[in-house]
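Okay, structure first, notes after.
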Amino acid sequence: MKKEIGLEQRIIRTSVDWSGAGLRLDQYLAGRFTYRSIDEWRERIKCNEIQLNGNSASPETLLELHDKIEYFPGDLPEPEAELHYSVAYEDEWLLVIDKPGNLCVHPSGPFFKHTLWYLLSKEYGKIHLVNRLDRETSGLLIAAKTPAVAAKLASGRNAPEKEYLALVFGAFTTPCDAYGFLISDTASIVRKKRRFVFGERPPAGAVHPESSRTRLLPEQTNGTISLVRALPETGRLHQIRATLFSLGFPLLGDKLYGPDETIYLKIRSQSITQEDRAKLILYRQALHSARLRFRHPVTGEVLELEAPLPKEFALKDFF
């Protein structure tokens, strides 16, 4: 039975990749969305809150590559988030937002109303987020007010130049042009983790290689912690975090690409300790989208915007 969708109804969508193919529907959901047990997911499936490729399915249905799953969860309780953003620039065509460091950009997992997309939609109507940041990454991103403006901003000609600032463990003292590939980190206990490798071609047997390039510039160091400026020329998932980690400079506060990846699993199982938090130094990953430069898709004006470092990045505390 096809489920009717209201405009305000929350929908969580996911597509089955190679790691989910062959799993039962209930197994996949329990592994992908850990805020419910497998028995709870079975109940949700039986209540027709889950659709597979647009239709009802049983919990035992075996998934195939690229299957489309939709979840209609109603009004779920959401984790706390920092819901106050600031507008760095606005005109009749677009917005540039300075996002805080504990706010999802798009609805994902348990987050719906506690997302930048929802907050902006309530304030401005339908908006189109042009670039995205990880939930714990702060700083600048662009939202277009029409699909046409969004499409122009996403094209190669108008793609923004981006600069990030990162606080990392270690003495980062030498500029680096990290040109190579991001591949699945098959040695990691965390399935979604990636690593960076140099080279003009991906290593033989590399899983899901994507070309990647990030220029990394030293800003300050005390010999133990460094401030690094990162200029990505590609826009890959976890690009800056995975690249710095692979070079031996993990970000402060990063649970996945930080000094101890088991902390990521402990957070998901709610078993993180004060000792674990002390290893991270900061409560969230120390990555900040500090500067955007782009040509306005309508007026042709070159816009250059900067976002100050957030208070938790106070350099006086480190240098």
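By convention in this document, the chains of the structure tokens carry letters A, B, ... by their order, each chain's residues are numbered from 1, and ligands are numbered from 1 in the order they are shown.
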*Please report, as a PyMOL selection string, each residue of segment 41-286 of chain A to which DSSP assigns alpha helix (DSSP H) when run on this structure's backbone.*
chain A and resi 41-46+116-124+147-154+239-246+262-268+274-280
*Long-range neighbours of Gly253 of chain A as a list in words, 7 Å cut-off, only C-alpha atoms, 6 positions minimum in chain*: Leu280, Ile281, Leu282, Tyr283, Arg284, Gln285 and Ala286 of chain A
*For Lys193 of chain A: contacts at 12 Å, only C-alpha atoms, fewer than 2 positions along chain excluded, given as a PyMOL selection string*: chain A and resi 182-191+195-196+207-208+237-239+241-243+245-246+255-258+261-262+264-265
*Extract, using only C-alpha atoms, all DNA, RNA and protein residues at most 8 Å from segment 293-306 of chain A, discarding same-chain residues fewer than 5 positions from it, and format them as a VMD selection string.*
chain A and resid 88 93 140 149 152 to 153 158 to 162
Go ahead and save the picked residues with N, CA and C atoms, as a compact mmCIF listing (two decimals), in the first residue's frame.
# COMPACT_ATOMS: atom_id res chain seq x y z
N ALA A 88 25.24 36.03 7.99
CA ALA A 88 26.41 36.82 7.61
C ALA A 88 26.14 37.69 6.40
N TRP A 93 18.07 36.92 -3.15
CA TRP A 93 18.35 35.66 -3.83
C TRP A 93 18.99 34.59 -2.94
N LEU A 140 30.57 29.10 7.95
CA LEU A 140 29.78 29.64 6.85
C LEU A 140 29.29 28.57 5.88
N VAL A 149 18.87 29.73 -8.51
CA VAL A 149 20.07 30.30 -7.89
C VAL A 149 20.92 29.18 -7.28
N LYS A 152 22.92 27.51 -10.03
CA LYS A 152 24.05 28.33 -10.48
C LYS A 152 25.20 28.28 -9.48
N LEU A 153 24.86 28.32 -8.19
CA LEU A 153 25.90 28.30 -7.16
C LEU A 153 26.61 26.95 -7.10
N ASN A 158 30.54 28.97 -10.55
CA ASN A 158 30.22 29.79 -9.38
C ASN A 158 30.50 29.09 -8.06
N ALA A 159 31.12 27.90 -8.11
CA ALA A 159 31.40 27.18 -6.87
C ALA A 159 32.27 28.04 -5.95
N PRO A 160 31.92 28.17 -4.69
CA PRO A 160 32.67 29.05 -3.80
C PRO A 160 34.06 28.51 -3.46
N GLU A 161 34.99 29.44 -3.26
CA GLU A 161 36.29 29.09 -2.69
C GLU A 161 36.10 29.05 -1.17
N LYS A 162 36.60 28.00 -0.55
CA LYS A 162 36.36 27.79 0.88
C LYS A 162 37.69 27.73 1.63
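With only C-alpha atoms as the atoms that count, the residue of A:Ser108, A:Ser155, A:Ser86, A:Ser37 with the shortest distance to Arg135 of chain A is A:Ser108.
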*asked:* Rounded to one decimal, what separation in Å do you get between atom CA of Leu244 of chain A and atom CA of Ser289 of chain A?
replied: 15.5 Å
*DSSP strand (DSSP E or B) residues within segment 88-123 of chain A, listed as JSON, numbers by chain*: {"A": [88, 89, 90, 94, 95, 96, 97, 98, 99, 104, 108, 111, 115]}
How would the residues just picked look written out with N, CA and C atoms as a CSV table (one decimal), in the first residue's frame?
chain,number,residue,atom,x,y,z
A,88,ALA,N,25.2,36.0,8.0
A,88,ALA,CA,26.4,36.8,7.6
A,88,ALA,C,26.1,37.7,6.4
A,89,TYR,N,25.2,37.3,5.6
A,89,TYR,CA,24.8,38.0,4.4
A,89,TYR,C,23.4,37.6,3.9
A,90,GLU,N,22.6,38.6,3.4
A,90,GLU,CA,21.3,38.3,2.9
A,90,GLU,C,20.9,39.3,1.8
A,94,LEU,N,19.7,35.0,-1.9
A,94,LEU,CA,20.5,34.0,-1.2
A,94,LEU,C,20.8,34.5,0.2
A,95,LEU,N,21.2,33.5,1.1
A,95,LEU,CA,21.7,33.8,2.4
A,95,LEU,C,23.0,33.1,2.6
A,96,VAL,N,23.9,33.8,3.4
A,96,VAL,CA,25.1,33.1,3.9
A,96,VAL,C,24.9,33.0,5.4
A,97,ILE,N,25.0,31.8,6.0
A,97,ILE,CA,24.7,31.5,7.4
A,97,ILE,C,26.0,31.2,8.1
A,98,ASP,N,26.1,31.7,9.3
A,98,ASP,CA,27.2,31.3,10.2
A,98,ASP,C,26.6,30.3,11.2
A,99,LYS,N,26.9,29.0,11.0
A,99,LYS,CA,26.3,27.9,11.8
A,99,LYS,C,27.0,27.6,13.0
A,104,CYS,N,22.8,20.0,13.1
A,104,CYS,CA,22.8,19.4,11.8
A,104,CYS,C,22.3,20.3,10.7
A,108,SER,N,18.5,14.3,9.6
A,108,SER,CA,19.2,13.0,9.6
A,108,SER,C,19.1,12.3,10.9
A,111,PHE,N,17.4,13.8,14.1
A,111,PHE,CA,17.3,15.2,14.0
A,111,PHE,C,16.3,15.6,12.9
A,115,THR,N,17.5,21.1,13.2
A,115,THR,CA,18.4,21.2,12.0
A,115,THR,C,18.3,22.6,11.4
*Between A:Leu25, A:Arg132, A:Gly180, A:Ala143, single out the one closest to Pro203 of chain A, counting only C-alpha atoms.*
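Among A:Leu25, A:Arg132, A:Gly180, A:Ala143, it is A:Gly180 that comes nearest to Pro203 of chain A.
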*Fewer than 3 positions away in the same chain doesn't count, so skip those; otherwise give me all residues within 8 Å of His106 of chain A, counting only C-alpha atoms, as a PyMOL selection string.*
chain A and resi 112+115-118
_Measuring between only C-alpha atoms, which one of A:Gly54, A:Pro79, A:Pro100, A:Gly109 shows the shortest distance to Arg10 of chain A?_
A:Gly109
_Report, in Å to a single decimal, how far apart atom CA of Ile240 of chain A and atom CA of Ser121 of chain A are._
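According to the coordinates, atom CA of Ser121 of chain A and atom CA of Ile240 of chain A are separated by 28.7 Å.
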*From the list A:Glu233, A:Asp317, A:Glu64, A:Glu136, which residue is nearest Leu287 of chain A when using only C-alpha atoms?*
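Under the stated criterion, the closest residue is A:Glu136.
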*segment 216-228 of chain A environment, 8 Å, only C-alpha atoms, sequence neighbours closer than 6 positions dropped, as number ranges by chain*: A: 165-178, 318-319
*Kindly indicate which residue among A:Phe198, A:Tyr71, A:Tyr85, A:Tyr124 lies nearest to Phe181 of chain A, using only C-alpha atoms for the distances.*
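Among the listed residues, A:Phe198 lies closest to Phe181 of chain A.
Taking only C-alpha atoms into account, Asn131 of chain A lies nearest to A:Gly235 out of the set A:Pro310, A:Gly22, A:Gly205, A:Gly235.
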_Which residues are near Ser58 of chain A? Cut-off 8 Å, only C-alpha atoms, ignore same chain within fewer than 3 positions. Put them as a PyMOL selection string._
chain A and resi 25+45-46+61
*atom CA of Val197 of chain A to atom CA of Ser212 of chain A, distance in Å rounded to a single decimal*: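 We find that atom CA of Val197 of chain A and atom CA of Ser212 of chain A lie 9.2 Å from each other.
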